[in-house]
Structures are given as C-alpha cells and as structure tokens.
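Dumped work10.cif below, it's mmCIF, C-alpha atoms:
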```cif
data_protein
loop_
_atom_site.label_atom_id
_atom_site.label_comp_id
_atom_site.auth_asym_id
_atom_site.auth_seq_id
_atom_site.Cartn_x
_atom_site.Cartn_y
_atom_site.Cartn_z
CA MET F 1 11.05 4.00 -39.31
CA ARG F 2 8.72 5.02 -36.54
CA GLU F 3 11.49 4.63 -33.96
CA ALA F 4 13.78 6.88 -36.03
CA ALA F 5 11.02 9.48 -36.32
CA THR F 6 10.48 9.35 -32.54
CA ARG F 7 14.18 9.87 -31.86
CA ALA F 8 14.26 12.76 -34.30
CA TRP F 9 11.26 14.40 -32.65
CA HIS F 10 12.82 14.05 -29.16
CA ALA F 11 16.02 15.62 -30.49
CA LEU F 12 14.11 18.57 -31.97
CA ASP F 13 12.00 18.99 -28.83
CA SER F 14 15.08 19.83 -26.76
CA TRP F 15 17.88 22.38 -26.57
CA ARG F 16 19.37 20.81 -29.70
CA GLY F 17 16.24 21.71 -31.64
CA ASP F 18 16.37 25.23 -30.18
CA ALA F 19 20.01 25.58 -31.20
CA LEU F 20 19.19 24.44 -34.72
CA THR F 21 16.25 26.86 -34.92
CA ALA F 22 18.38 29.73 -33.66
CA ALA F 23 21.14 28.98 -36.16
CA ILE F 24 18.67 28.81 -39.07
CA LEU F 25 16.96 32.06 -38.05
CA ILE F 26 20.27 33.91 -37.60
CA ALA F 27 21.59 32.69 -40.95
CA ALA F 28 18.33 33.58 -42.73
CA LEU F 29 18.13 36.99 -41.08
CA LEU F 30 21.70 37.99 -41.81
CA ALA F 31 21.46 36.69 -45.37
CA ALA F 32 18.27 38.69 -45.96
CA LEU F 33 19.72 41.84 -44.43
CA ALA F 34 22.85 41.52 -46.54
CA ALA F 35 20.81 40.94 -49.68
CA THR F 36 18.67 44.04 -49.07
CA GLY F 37 21.62 46.18 -48.00
CA GLU F 38 20.24 46.83 -44.52
CA LEU F 39 23.43 45.86 -42.68
CA THR F 40 24.88 49.31 -43.39
CA GLY F 41 23.63 52.59 -42.17
CA PRO F 42 23.23 54.29 -38.78
CA GLY F 43 22.26 51.77 -36.07
CA ARG F 44 21.87 48.88 -38.49
CA PRO F 45 24.85 46.83 -37.22
CA LEU F 46 23.56 47.20 -33.63
CA GLN F 47 20.09 46.14 -34.71
CA ALA F 48 21.49 43.13 -36.54
CA ALA F 49 23.56 42.15 -33.48
CA CYS F 50 20.51 42.53 -31.21
CA ALA F 51 18.45 40.42 -33.63
CA ALA F 52 21.11 37.68 -33.63
CA GLY F 53 21.33 37.81 -29.83
CA LEU F 54 17.53 37.60 -29.66
CA CYS F 55 17.65 34.38 -31.68
CA GLY F 56 20.38 33.10 -29.39
CA CYS F 57 18.01 33.48 -26.42
CA LEU F 58 16.25 30.38 -27.68
CA LEU F 59 19.11 28.32 -26.22
CA LEU F 60 18.04 29.36 -22.71
CA ARG F 61 14.27 29.22 -23.02
CA ARG F 62 13.85 25.70 -21.58
CA ALA F 63 16.35 25.74 -18.72
CA HIS F 64 16.08 29.46 -17.83
CA PRO F 65 12.87 30.91 -19.32
CA LEU F 66 12.90 34.04 -17.13
CA LEU F 67 16.49 34.89 -18.03
CA ALA F 68 15.88 34.20 -21.73
CA ALA F 69 12.80 36.46 -21.85
CA LEU F 70 14.46 39.22 -19.83
CA THR F 71 17.51 39.19 -22.11
CA ALA F 72 15.21 39.30 -25.14
CA ALA F 73 13.38 42.33 -23.67
CA VAL F 74 16.69 44.15 -23.16
CA LEU F 75 17.87 43.35 -26.69
CA LEU F 76 14.56 44.53 -28.14
CA GLY F 77 14.89 47.77 -26.18
CA LEU F 78 18.43 48.31 -27.47
CA ALA F 79 17.27 47.64 -31.04
CA GLY F 80 14.49 50.19 -30.55
CA VAL F 81 16.93 52.79 -29.22
CA ALA F 82 19.16 52.23 -32.26
CA GLY F 83 16.28 53.22 -34.50
CA PRO F 84 13.09 51.79 -35.98
CA SER F 85 13.57 48.52 -37.81
CA ALA F 86 12.95 48.65 -41.52
CA GLY F 87 12.25 45.87 -43.97
CA ASP F 88 10.69 42.46 -43.77
CA PRO F 89 13.71 40.44 -42.59
CA PHE F 90 13.11 41.47 -38.97
CA GLY F 91 9.68 39.85 -39.12
CA VAL F 92 11.25 36.42 -38.45
CA LEU F 93 11.95 37.66 -34.93
CA PHE F 94 8.25 37.27 -34.11
CA ILE F 95 8.86 33.51 -34.18
CA VAL F 96 11.48 33.93 -31.47
CA ILE F 97 9.23 36.15 -29.36
CA PHE F 98 6.39 33.64 -29.71
CA LEU F 99 8.58 30.77 -28.47
CA LEU F 100 10.05 32.83 -25.62
CA ALA F 101 6.61 33.93 -24.41
CA TYR F 102 5.33 30.35 -24.49
CA SER F 103 8.34 29.07 -22.52
CA LEU F 104 7.85 31.90 -20.04
CA GLY F 105 4.34 30.70 -19.23
CA ALA F 106 5.16 26.99 -19.35
CA GLY F 107 8.38 27.02 -17.36
CA ALA F 108 8.15 29.78 -14.75
CA SER F 109 5.88 30.76 -11.86
CA LEU F 110 2.88 32.98 -12.50
CA VAL F 111 3.93 36.27 -10.91
CA PRO F 112 7.58 36.38 -12.09
CA SER F 113 6.61 35.28 -15.59
CA ALA F 114 3.87 37.96 -15.75
CA LEU F 115 6.35 40.69 -14.77
CA ILE F 116 8.92 39.56 -17.34
CA LEU F 117 6.13 39.32 -19.93
CA VAL F 118 5.32 42.98 -19.41
CA LEU F 119 8.99 43.85 -19.96
CA LEU F 120 9.07 41.69 -23.09
CA TRP F 121 5.97 43.42 -24.44
CA ALA F 122 7.46 46.85 -23.61
CA GLY F 123 10.72 45.97 -25.38
CA LEU F 124 8.79 44.81 -28.45
CA GLN F 125 6.74 48.02 -28.52
CA LEU F 126 9.94 50.05 -28.25
CA ALA F 127 11.48 48.07 -31.13
CA LEU F 128 8.37 48.70 -33.24
CA ALA F 129 8.58 52.45 -32.40
CA GLN F 130 4.77 52.66 -32.18
CA PHE F 131 1.85 50.97 -30.45
CA ASN F 132 0.87 47.80 -32.22
CA PRO F 133 -1.91 45.49 -30.94
CA PHE F 134 -0.11 42.59 -32.57
CA ALA F 135 2.55 42.91 -29.85
CA VAL F 136 -0.05 41.95 -27.25
CA ILE F 137 -1.19 38.96 -29.29
CA ILE F 138 2.34 37.68 -29.97
CA THR F 139 3.29 37.88 -26.26
CA ALA F 140 0.16 37.38 -24.12
CA GLY F 141 -1.34 34.63 -26.30
CA PRO F 142 1.62 32.20 -26.21
CA TRP F 143 2.20 33.02 -22.53
CA ALA F 144 -1.40 32.01 -21.67
CA ALA F 145 -1.02 28.82 -23.70
CA GLY F 146 2.16 28.09 -21.76
CA LEU F 147 0.31 28.51 -18.46
CA VAL F 148 -2.27 25.97 -19.56
CA ALA F 149 0.44 23.53 -20.66
CA ARG F 150 2.24 24.03 -17.35
CA SER F 151 -0.90 23.33 -15.31
CA ARG F 152 -1.58 20.18 -17.32
CA ARG F 153 1.99 19.02 -16.86
CA GLU F 154 1.83 19.57 -13.09
CA LEU F 155 -1.47 17.71 -12.93
CA THR F 156 0.06 14.81 -14.83
CA GLU F 157 3.02 14.75 -12.45
CA GLN F 158 0.72 14.77 -9.43
CA LEU F 159 -1.37 11.95 -10.84
CA THR F 160 1.77 9.97 -11.61
CA ALA F 161 3.08 10.49 -8.09
CA ARG F 162 -0.27 9.49 -6.61
CA SER F 163 -0.37 6.43 -8.82
CA THR F 164 3.09 5.46 -7.58
CA GLU F 165 1.97 5.93 -3.97
CA LEU F 166 -1.14 3.84 -4.53
CA GLU F 167 0.92 1.09 -6.13
CA ALA F 168 3.30 1.10 -3.16
CA GLU F 169 0.33 0.99 -0.76
CA ARG F 170 -1.21 -1.86 -2.75
CA GLU F 171 2.01 -3.84 -2.44
CA LEU F 172 2.13 -3.16 1.30
CA PHE F 173 -1.48 -4.24 1.71
CA ALA F 174 -0.79 -7.38 -0.31
CA ALA F 175 2.25 -8.20 1.84
CA GLU F 176 0.23 -7.56 5.00
CA SER F 177 -2.57 -9.80 3.72
CA VAL F 178 -0.09 -12.58 3.04
CA ARG F 179 1.40 -12.15 6.52
CA TYR F 180 -2.03 -12.22 8.13
CA GLU F 181 -3.06 -15.30 6.18
CA ARG F 182 0.14 -17.11 7.15
CA ALA F 183 -0.46 -16.22 10.80
CA ARG F 184 -4.04 -17.50 10.56
CA ILE F 185 -2.92 -20.81 9.03
CA ALA F 186 -0.18 -21.15 11.65
CA ARG F 187 -2.73 -20.51 14.40
CA GLU F 188 -5.09 -23.14 13.01
CA LEU F 189 -2.29 -25.71 12.73
CA HIS F 190 -1.11 -24.88 16.25
CA ASP F 191 -4.54 -25.48 17.73
CA ILE F 192 -5.07 -28.73 15.82
CA VAL F 193 -1.63 -30.26 16.26
CA ALA F 194 -0.98 -29.09 19.82
CA HIS F 195 -4.22 -30.55 21.12
CA GLY F 196 -3.82 -33.83 19.25
CA VAL F 197 -0.21 -34.26 20.32
CA SER F 198 -1.03 -33.46 23.95
CA VAL F 199 -3.77 -36.10 24.02
CA MET F 200 -1.51 -38.67 22.35
CA VAL F 201 1.41 -38.03 24.73
CA ILE F 202 -0.77 -38.37 27.81
CA GLN F 203 -2.45 -41.52 26.52
CA ALA F 204 0.90 -43.01 25.51
CA SER F 205 2.25 -42.40 29.02
CA ALA F 206 -0.83 -43.99 30.55
CA GLY F 207 -0.69 -46.95 28.15
CA ARG F 208 2.96 -47.59 28.97
CA ARG F 209 2.20 -47.67 32.71
CA LEU F 210 -0.83 -49.94 32.25
CA ALA F 211 0.74 -52.33 29.74
CA ALA F 212 2.16 -54.58 32.48
CA THR F 213 -0.70 -54.34 34.99
CA ASP F 214 -3.92 -53.91 32.96
CA PRO F 215 -3.59 -54.75 29.23
CA ALA F 216 -7.27 -53.96 28.58
CA LEU F 217 -6.98 -50.39 29.84
CA ALA F 218 -3.67 -50.04 27.99
CA ALA F 219 -5.43 -51.05 24.78
CA GLU F 220 -8.10 -48.41 25.43
CA ALA F 221 -5.36 -45.81 25.86
CA PHE F 222 -3.79 -46.79 22.55
CA ASP F 223 -7.21 -46.67 20.91
CA SER F 224 -7.57 -43.13 22.23
CA ILE F 225 -4.24 -42.27 20.61
CA GLY F 226 -5.54 -43.51 17.26
CA GLU F 227 -8.76 -41.57 17.69
CA ALA F 228 -6.85 -38.38 18.52
CA ALA F 229 -4.69 -38.87 15.42
CA ARG F 230 -7.75 -39.42 13.22
CA GLN F 231 -9.45 -36.33 14.64
CA ALA F 232 -6.36 -34.23 14.01
CA GLU F 233 -6.20 -35.58 10.46
CA ALA F 234 -9.87 -34.70 9.89
CA GLU F 235 -9.38 -31.17 11.17
CA ILE F 236 -6.31 -30.67 8.99
CA SER F 237 -8.38 -31.85 6.02
CA ARG F 238 -11.02 -29.23 6.85
CA LEU F 239 -8.27 -26.62 7.02
CA VAL F 240 -7.07 -27.64 3.56
CA GLU F 241 -10.64 -27.33 2.27
CA LEU F 242 -10.79 -23.85 3.74
CA LEU F 243 -7.57 -22.88 1.98
CA ASP F 244 -9.01 -24.24 -1.28
CA HIS F 245 -12.08 -22.01 -0.77
CA ARG F 246 -14.41 -24.98 -0.86
CA PRO F 247 -17.53 -25.09 1.33
CA ASP F 248 -16.83 -26.41 4.79
CA PRO F 249 -20.04 -27.74 6.32
CA GLY F 250 -18.23 -28.85 9.46
CA ARG F 251 -17.67 -25.23 10.46
CA ALA F 252 -21.34 -24.80 11.33
CA ASP F 253 -21.06 -27.64 13.88
CA GLY F 254 -18.42 -25.96 16.03
CA LEU F 255 -20.46 -26.17 19.22
CA ARG F 256 -21.63 -29.74 18.53
CA LEU F 257 -18.00 -30.79 18.13
CA ILE F 258 -17.34 -29.51 21.63
CA ASP F 259 -19.03 -32.63 23.01
CA GLU F 260 -16.53 -34.79 21.11
CA LEU F 261 -13.70 -32.57 22.28
CA VAL F 262 -14.81 -32.93 25.91
CA ALA F 263 -15.18 -36.70 25.48
CA ARG F 264 -11.66 -37.06 24.12
CA ALA F 265 -10.27 -34.94 26.95
CA ALA F 266 -12.18 -37.03 29.51
CA ALA F 267 -10.73 -40.18 27.97
CA THR F 268 -7.27 -38.99 28.96
CA GLY F 269 -8.37 -38.97 32.60
CA LEU F 270 -9.17 -35.27 32.71
CA GLN F 271 -12.15 -34.39 34.93
CA VAL F 272 -14.00 -32.07 32.58
CA THR F 273 -17.59 -30.85 32.63
CA CYS F 274 -19.37 -28.72 30.01
CA ARG F 275 -22.57 -26.75 30.48
CA PHE F 276 -24.62 -24.83 27.88
CA THR F 277 -27.09 -22.11 28.85
CA GLY F 278 -29.24 -19.85 26.73
CA ALA F 279 -29.55 -20.13 22.94
CA ALA F 280 -25.96 -21.28 22.51
CA GLU F 281 -26.91 -23.85 19.86
CA ASP F 282 -27.97 -21.12 17.40
CA LEU F 283 -24.66 -19.29 17.15
CA PRO F 284 -23.40 -18.23 13.69
CA PRO F 285 -20.74 -20.57 12.24
CA PRO F 286 -17.79 -18.12 12.66
CA VAL F 287 -18.64 -17.53 16.32
CA ALA F 288 -19.24 -21.24 16.95
CA GLN F 289 -15.91 -22.11 15.33
CA THR F 290 -14.11 -19.50 17.43
CA ALA F 291 -15.74 -20.89 20.57
CA TYR F 292 -14.61 -24.39 19.60
CA ARG F 293 -11.01 -23.26 19.10
CA LEU F 294 -11.00 -21.32 22.37
CA ILE F 295 -12.13 -24.37 24.31
CA GLN F 296 -9.73 -26.63 22.43
CA GLU F 297 -6.73 -24.44 23.25
CA SER F 298 -7.86 -24.07 26.87
CA LEU F 299 -8.15 -27.85 27.27
CA THR F 300 -4.73 -28.28 25.65
CA ASN F 301 -3.21 -25.88 28.16
CA ALA F 302 -4.94 -27.68 31.02
CA LEU F 303 -3.57 -31.04 29.83
CA LYS F 304 -0.08 -29.59 29.53
CA HIS F 305 0.16 -27.39 32.63
CA ALA F 306 -2.40 -28.81 35.09
CA PRO F 307 -2.57 -32.61 34.66
CA GLY F 308 -5.30 -34.23 36.72
CA ALA F 309 -6.96 -30.91 37.57
CA PRO F 310 -10.73 -30.64 37.09
CA VAL F 311 -11.89 -28.38 34.25
CA GLU F 312 -15.24 -26.63 34.12
CA ILE F 313 -16.54 -25.25 30.80
CA THR F 314 -19.50 -22.89 30.66
CA ILE F 315 -21.04 -21.53 27.46
CA GLN F 316 -23.73 -18.93 28.07
CA ALA F 317 -25.60 -17.03 25.35
CA ALA F 318 -27.57 -13.96 26.43
CA GLY F 319 -28.03 -10.32 25.46
CA GLY F 320 -26.59 -10.64 21.97
CA HIS F 321 -23.32 -12.13 23.27
CA VAL F 322 -21.97 -15.56 24.13
CA THR F 323 -19.70 -15.90 27.15
CA ILE F 324 -17.24 -18.79 27.25
CA SER F 325 -15.55 -19.67 30.52
CA VAL F 326 -12.95 -22.41 30.96
CA VAL F 327 -11.63 -22.82 34.50
CA ASN F 328 -9.17 -25.47 35.68
CA GLY F 329 -7.79 -26.10 39.13
CA PRO F 330 -4.13 -26.53 40.09
CA ALA F 331 -2.21 -29.59 38.91
CA VAL F 332 -2.74 -32.75 40.99
CA ALA F 333 -0.86 -35.35 38.92
CA VAL F 334 2.74 -35.76 37.86
CA ARG F 335 3.60 -33.47 34.96
CA SER F 336 4.27 -35.19 31.64
CA GLY F 337 6.84 -32.73 30.32
CA LEU F 338 4.37 -31.19 27.86
CA GLU F 339 4.49 -27.95 29.79
CA ARG F 340 7.97 -27.33 28.36
CA THR F 341 6.73 -27.59 24.76
CA GLY F 342 5.11 -24.93 22.58
CA GLY F 343 6.15 -21.45 21.56
CA GLY F 344 3.97 -19.52 23.98
CA HIS F 345 1.66 -18.26 21.24
CA GLY F 346 -1.50 -20.05 22.37
CA LEU F 347 -2.91 -17.26 24.55
CA ALA F 348 -2.06 -14.64 21.96
CA GLY F 349 -3.91 -16.75 19.39
CA LEU F 350 -6.96 -16.86 21.68
CA ARG F 351 -7.05 -13.08 21.88
CA GLU F 352 -6.59 -12.73 18.12
CA ARG F 353 -9.46 -15.15 17.43
CA ALA F 354 -11.78 -13.30 19.77
CA ALA F 355 -10.82 -9.92 18.32
CA ALA F 356 -11.45 -11.22 14.78
CA CYS F 357 -15.08 -11.85 15.80
CA GLY F 358 -15.40 -8.45 17.46
CA GLY F 359 -15.06 -9.83 20.98
CA ASP F 360 -12.39 -10.07 23.64
CA CYS F 361 -10.60 -12.75 25.62
CA THR F 362 -8.75 -12.64 28.93
CA ALA F 363 -6.69 -15.32 30.67
CA GLY F 364 -5.10 -15.42 34.08
CA PRO F 365 -4.87 -17.16 37.45
CA ALA F 366 -8.18 -18.31 38.92
CA PRO F 367 -9.19 -17.68 42.54
CA GLY F 368 -7.95 -20.52 44.70
CA GLY F 369 -5.28 -21.55 42.21
CA GLY F 370 -5.48 -22.84 38.68
CA TRP F 371 -6.22 -20.90 35.50
CA LYS F 372 -9.23 -19.20 33.94
CA VAL F 373 -9.96 -18.26 30.33
CA LEU F 374 -12.91 -15.95 29.77
CA ALA F 375 -14.10 -14.84 26.31
CA ARG F 376 -17.06 -12.70 25.27
CA LEU F 377 -18.12 -12.85 21.62
CA PRO F 378 -20.91 -10.96 19.87
CA VAL F 379 -23.57 -13.15 18.26
#
```
Show me, as structure tokens, the structure contained in the file I just sent.
Amino acid sequence: MREAATRAWHALDSWRGDALTAAILIAALLAALAATGELTGPGRPLQAACAAGLCGCLLLRRAHPLLAALTAAVLLGLAGVAGPSAGDPFGVLFIVIFLLAYSLGAGASLVPSALILVLLWAGLQLALAQFNPFAVIITAGPWAAGLVARSRRELTEQLTARSTELEAERELFAAESVRYERARIARELHDIVAHGVSVMVIQASAGRRLAATDPALAAEAFDSIGEAARQAEAEISRLVELLDHRPDPGRADGLRLIDELVARAAATGLQVTCRFTGAAEDLPPPVAQTAYRLIQESLTNALKHAPGAPVEITIQAAGGHVTISVVNGPAVAVRSGLERTGGGHGLAGLRERAAACGGDCTAGPAPGGGWKVLARLPV
C-alpha cells in the first residue's frame, strides 16, 4: 500500500501530474463558463482560449520554467486586451499563476526569473484591468518560495557530490594503507629471510669444505645453520605478533640484539666489529628496531657481495640523533653466488625505514673500495 502511494505521488509530482492538473482546470473552467453563459459575447472566446492556453503552460513549467511563465504573461496580456474578465470561473487561473511563479523561482536563475516575474505580474495586472495587491502576493510569494527551494536543492546536490568525493577518497586511502602495509610486511620478511638464508648458505658451504678435513669445525658450521634458522623463526614469530597487534617486548631490545647479530655474522667467518658511543642504549624502541634492521641488512649485503671483507659498525648517539655507520671493505674471498640473489630492494628498504622514523639513509662506495651505509635517525 505504501509502495503504491509512493508511486502515485512520484507520478503526480512530474509532468504527468501537471498534465492532469491542466486538463482538470481547463475542463472545469470551460464547463463553468458554458454554464454561466460567459463563452459568448465580445472578447469572451479569446479570453476562454487564453485561459485554456494559460492552463496548458503547466506542461512546460518543470522543463522550461522561463518559457512557461513568459507565455503565461503574454496570454494574460491578450486576455486583458480582449476586455476585463467577469465572473468567478476565471479565479481558478490563480492556481496556475501560483504554480508558474513557484517553478520560475525554483527552476531558473535569479536575474532571468526576476525579469520574467515582472512580466508575469504586469500581464496579470492587465488581465485584472486595475491595480490589485493580490497580484503581487500571488506572483512574488511563490517565486520567493521557489528560490528557497532551489537553494536547498543545490545545497543538497553539493553535499551529495562532496559525500561521493569523500567516499572515493576514503577508498583510495584504504587502498593506499593496504599497499603500504603489504610493503612493510614484505620489507620485514625480506630482512629476516635474506639474512638468515645468507648465513645458512655461507655456513653450508664452509661445512661442506670442512666435512672431509675437520669434522669438528664442520659440525660447528652446521650448528650455526641451525641457530640461524631458529633466529629467523623467532623473528618471524615476532612479526606475526606485530600483525596480530599483540605487545612485542622484543622490539625494545633492538640494540641489544645487535650483539647477537654481530656474533652470528662473526661465526660465518666475517671480521666484524661493533662500537657504541654516547647514550645509544636509551633509544626509543622504534628507533632501536630501525637501527637493528639497518645493520642486519648491511651485514647481509656484506655477506653476499663482499665475502671475507672486514666490517666496522659504529653507533653514535649525540645531539638528539643517533648515527649508524656500517662500512665493509672489498671482497677478499671467493664469492658464494649469493650476490646474484635478491630483488634489489634492500637499499630502498633501508631508506624507507629511515624515512619512517624521520631520518635519512645513504649508501654508496667507501673510500679505498668497499661499501658504506650511513643513517641518521632522530631520537
């Protein structure tokens, strides 16, 4: 029942409703004029035709409000020239004028609609054959109401458009957040897996060479492989905890874990030294974790691209910043083939990590050969 009423209202609030209104008004007007005998006499047929045409203007009031009101003004003027209207039947035309004036304000721009409104008022005054204040009320009042309705409609349209834009922006931000989070997870996995795999490959190569000559050292190499695997597993578990939004107490120990990282790298035969200066032990967890990952990736690159080269790590905290320097010399041992692995995203990841903390990171050839990574992070 409610749906049927809604459909009926939408049908009436359209050109179909206007056509029905015009037909009813024309039929009622002509029937009343015929009943009172006002269809005969000088000028009466012209007045009746103008009245019918005025009702027909309702068909144009939604699509062409200016044209409908202008045509109505002309027809009113012609009816006034034909002679003053007599009798009550012509009073139904005030309904038409009311609707035309409202549509003029609601559907047309301010200046054109105001000019046509003046013409409509003048035509009505001419049809009345005398000044009548009611003509101002029946034209200016509905026109002003139409202006208000038009402003509200435009405001609603603007708000709807803005809402659509905000929804599109929200979707873009959501997609960008997902992309950023995926990149962050990929970077974490790269740092964990690449370092662990590099250590295991080097130790496996050493263990294979020592298996026939020194079984004890070979066993130590294989133990180092197991330790590297367990460390990688532990770090992946911490990453999973981070993704689950659970507290991660290990993150606050980023700098303390550097000692373990250096020890594991030294176990592969890498000549690595690490030196702390200043209040480096009191760094905030995010900065300490970034420092840990920077050193981890730098050691991984040294293992892959400069086997056997000495590596010097310096962590200096002073002046509200911590400076991390990782310098390795040129390769002195036979390459293991690890240098051909990887997607080349490690250095980009270093810069992204530093930028996320508000710092910066540079990497390039070191004086005298080798490679240098230098990062400066705010505390």
Exactly which residues make up the result of the PyMOL selection byres ((chain F and resi 349-352) around 12) on this file, given as a ChimeraX atom specification? /F:180,183-191,290-298,301,324,343-348,353-363,373-377
Which residues come within 7 Å of Trp371 in chain F, counting all atoms listed in the file, excluding same-chain residues fewer than 5 positions away, as a ChimeraX atom specification? /F:327-329,364-366
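The spacing separating CA of Leu257 in chain F from CA of Arg182 in chain F amounts to 25.2 Å.
Reported to one decimal place, the separation of CA of Leu104 in chain F from CA of Leu117 in chain F is 7.6 Å.
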If we count all atoms listed in the file, what is near range 54-71 of chain F at a cut-off of 8 Å, once residues fewer than 6 positions away on the same chain are taken out, given as a VMD selection string? chain F and resid 14 to 15 18 to 19 22 to 23 25 to 26 93 96 99 to 101 103 to 104 107 to 108 112 to 113 116 to 117 119 to 120
Show which residues sit within 10 Å of Ala145 in chain F, as a PDB file with C-alpha atoms, in the frame of the given file. Count all atoms listed in the file, and ignore same-chain residues fewer than 3 positions away.
```
ATOM      1  CA  ALA F 101       6.610  33.930 -24.410  1.00  0.00           C
ATOM      2  CA  TYR F 102       5.330  30.350 -24.490  1.00  0.00           C
ATOM      3  CA  SER F 103       8.340  29.070 -22.520  1.00  0.00           C
ATOM      4  CA  GLY F 105       4.340  30.700 -19.230  1.00  0.00           C
ATOM      5  CA  ALA F 106       5.160  26.990 -19.350  1.00  0.00           C
ATOM      6  CA  ALA F 140       0.160  37.380 -24.120  1.00  0.00           C
ATOM      7  CA  GLY F 141      -1.340  34.630 -26.300  1.00  0.00           C
ATOM      8  CA  PRO F 142       1.620  32.200 -26.210  1.00  0.00           C
ATOM      9  CA  VAL F 148      -2.270  25.970 -19.560  1.00  0.00           C
ATOM     10  CA  ALA F 149       0.440  23.530 -20.660  1.00  0.00           C
ATOM     11  CA  ARG F 150       2.240  24.030 -17.350  1.00  0.00           C
TER      12      ARG F 150
END
```
Could you state which residues are captured by the PyMOL selection byres ((chain F and resi 311) around 12) in this file, as a ChimeraX atom specification? /F:262,265-266,269-275,295,298-303,306-310,312-314,325-331,366,370-373
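The gap separating CA of Ala27 in chain F from CA of Ala52 in chain F is 8.9 Å, in Å to one decimal.
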Return range 107-126 of chain F, completed with N, CA and C atoms, as a PDB file, in the frame of the given file.
```
ATOM      1  N   GLY F 107       7.257  27.436 -18.187  1.00  0.00           N
ATOM      2  CA  GLY F 107       8.380  27.020 -17.360  1.00  0.00           C
ATOM      3  C   GLY F 107       8.664  27.857 -16.149  1.00  0.00           C
ATOM      4  N   ALA F 108       7.875  28.904 -15.879  1.00  0.00           N
ATOM      5  CA  ALA F 108       8.150  29.780 -14.750  1.00  0.00           C
ATOM      6  C   ALA F 108       6.871  29.985 -13.941  1.00  0.00           C
ATOM      7  N   SER F 109       7.033  30.478 -12.716  1.00  0.00           N
ATOM      8  CA  SER F 109       5.880  30.760 -11.860  1.00  0.00           C
ATOM      9  C   SER F 109       5.072  31.919 -12.416  1.00  0.00           C
ATOM     10  N   LEU F 110       3.827  32.028 -11.931  1.00  0.00           N
ATOM     11  CA  LEU F 110       2.880  32.980 -12.500  1.00  0.00           C
ATOM     12  C   LEU F 110       3.340  34.422 -12.356  1.00  0.00           C
ATOM     13  N   VAL F 111       3.630  34.845 -11.145  1.00  0.00           N
ATOM     14  CA  VAL F 111       3.930  36.270 -10.910  1.00  0.00           C
ATOM     15  C   VAL F 111       5.234  36.683 -11.590  1.00  0.00           C
ATOM     16  N   PRO F 112       6.355  35.963 -11.393  1.00  0.00           N
ATOM     17  CA  PRO F 112       7.580  36.380 -12.090  1.00  0.00           C
ATOM     18  C   PRO F 112       7.436  36.375 -13.615  1.00  0.00           C
ATOM     19  N   SER F 113       6.761  35.347 -14.135  1.00  0.00           N
ATOM     20  CA  SER F 113       6.610  35.280 -15.590  1.00  0.00           C
ATOM     21  C   SER F 113       5.748  36.429 -16.101  1.00  0.00           C
ATOM     22  N   ALA F 114       4.721  36.832 -15.330  1.00  0.00           N
ATOM     23  CA  ALA F 114       3.870  37.960 -15.750  1.00  0.00           C
ATOM     24  C   ALA F 114       4.671  39.261 -15.780  1.00  0.00           C
ATOM     25  N   LEU F 115       5.529  39.473 -14.793  1.00  0.00           N
ATOM     26  CA  LEU F 115       6.350  40.690 -14.770  1.00  0.00           C
ATOM     27  C   LEU F 115       7.317  40.726 -15.947  1.00  0.00           C
ATOM     28  N   ILE F 116       7.981  39.599 -16.215  1.00  0.00           N
ATOM     29  CA  ILE F 116       8.920  39.560 -17.340  1.00  0.00           C
ATOM     30  C   ILE F 116       8.170  39.704 -18.659  1.00  0.00           C
ATOM     31  N   LEU F 117       6.927  39.184 -18.708  1.00  0.00           N
ATOM     32  CA  LEU F 117       6.130  39.320 -19.930  1.00  0.00           C
ATOM     33  C   LEU F 117       5.843  40.781 -20.239  1.00  0.00           C
ATOM     34  N   VAL F 118       5.568  41.546 -19.193  1.00  0.00           N
ATOM     35  CA  VAL F 118       5.320  42.980 -19.410  1.00  0.00           C
ATOM     36  C   VAL F 118       6.567  43.645 -19.978  1.00  0.00           C
ATOM     37  N   LEU F 119       7.754  43.279 -19.444  1.00  0.00           N
ATOM     38  CA  LEU F 119       8.990  43.850 -19.960  1.00  0.00           C
ATOM     39  C   LEU F 119       9.231  43.425 -21.409  1.00  0.00           C
ATOM     40  N   LEU F 120       8.908  42.158 -21.723  1.00  0.00           N
ATOM     41  CA  LEU F 120       9.070  41.690 -23.090  1.00  0.00           C
ATOM     42  C   LEU F 120       8.145  42.449 -24.043  1.00  0.00           C
ATOM     43  N   TRP F 121       6.913  42.651 -23.606  1.00  0.00           N
ATOM     44  CA  TRP F 121       5.970  43.420 -24.440  1.00  0.00           C
ATOM     45  C   TRP F 121       6.455  44.865 -24.613  1.00  0.00           C
ATOM     46  N   ALA F 122       6.972  45.473 -23.527  1.00  0.00           N
ATOM     47  CA  ALA F 122       7.460  46.850 -23.610  1.00  0.00           C
ATOM     48  C   ALA F 122       8.651  46.943 -24.557  1.00  0.00           C
ATOM     49  N   GLY F 123       9.581  45.951 -24.474  1.00  0.00           N
ATOM     50  CA  GLY F 123      10.720  45.970 -25.380  1.00  0.00           C
ATOM     51  C   GLY F 123      10.288  45.826 -26.826  1.00  0.00           C
ATOM     52  N   LEU F 124       9.278  44.982 -27.081  1.00  0.00           N
ATOM     53  CA  LEU F 124       8.790  44.810 -28.450  1.00  0.00           C
ATOM     54  C   LEU F 124       8.125  46.091 -28.962  1.00  0.00           C
ATOM     55  N   GLN F 125       7.365  46.756 -28.105  1.00  0.00           N
ATOM     56  CA  GLN F 125       6.740  48.020 -28.520  1.00  0.00           C
ATOM     57  C   GLN F 125       7.801  49.074 -28.818  1.00  0.00           C
ATOM     58  N   LEU F 126       8.862  49.083 -28.005  1.00  0.00           N
ATOM     59  CA  LEU F 126       9.940  50.050 -28.250  1.00  0.00           C
ATOM     60  C   LEU F 126      10.646  49.744 -29.564  1.00  0.00           C
TER      61      LEU F 126
END
```
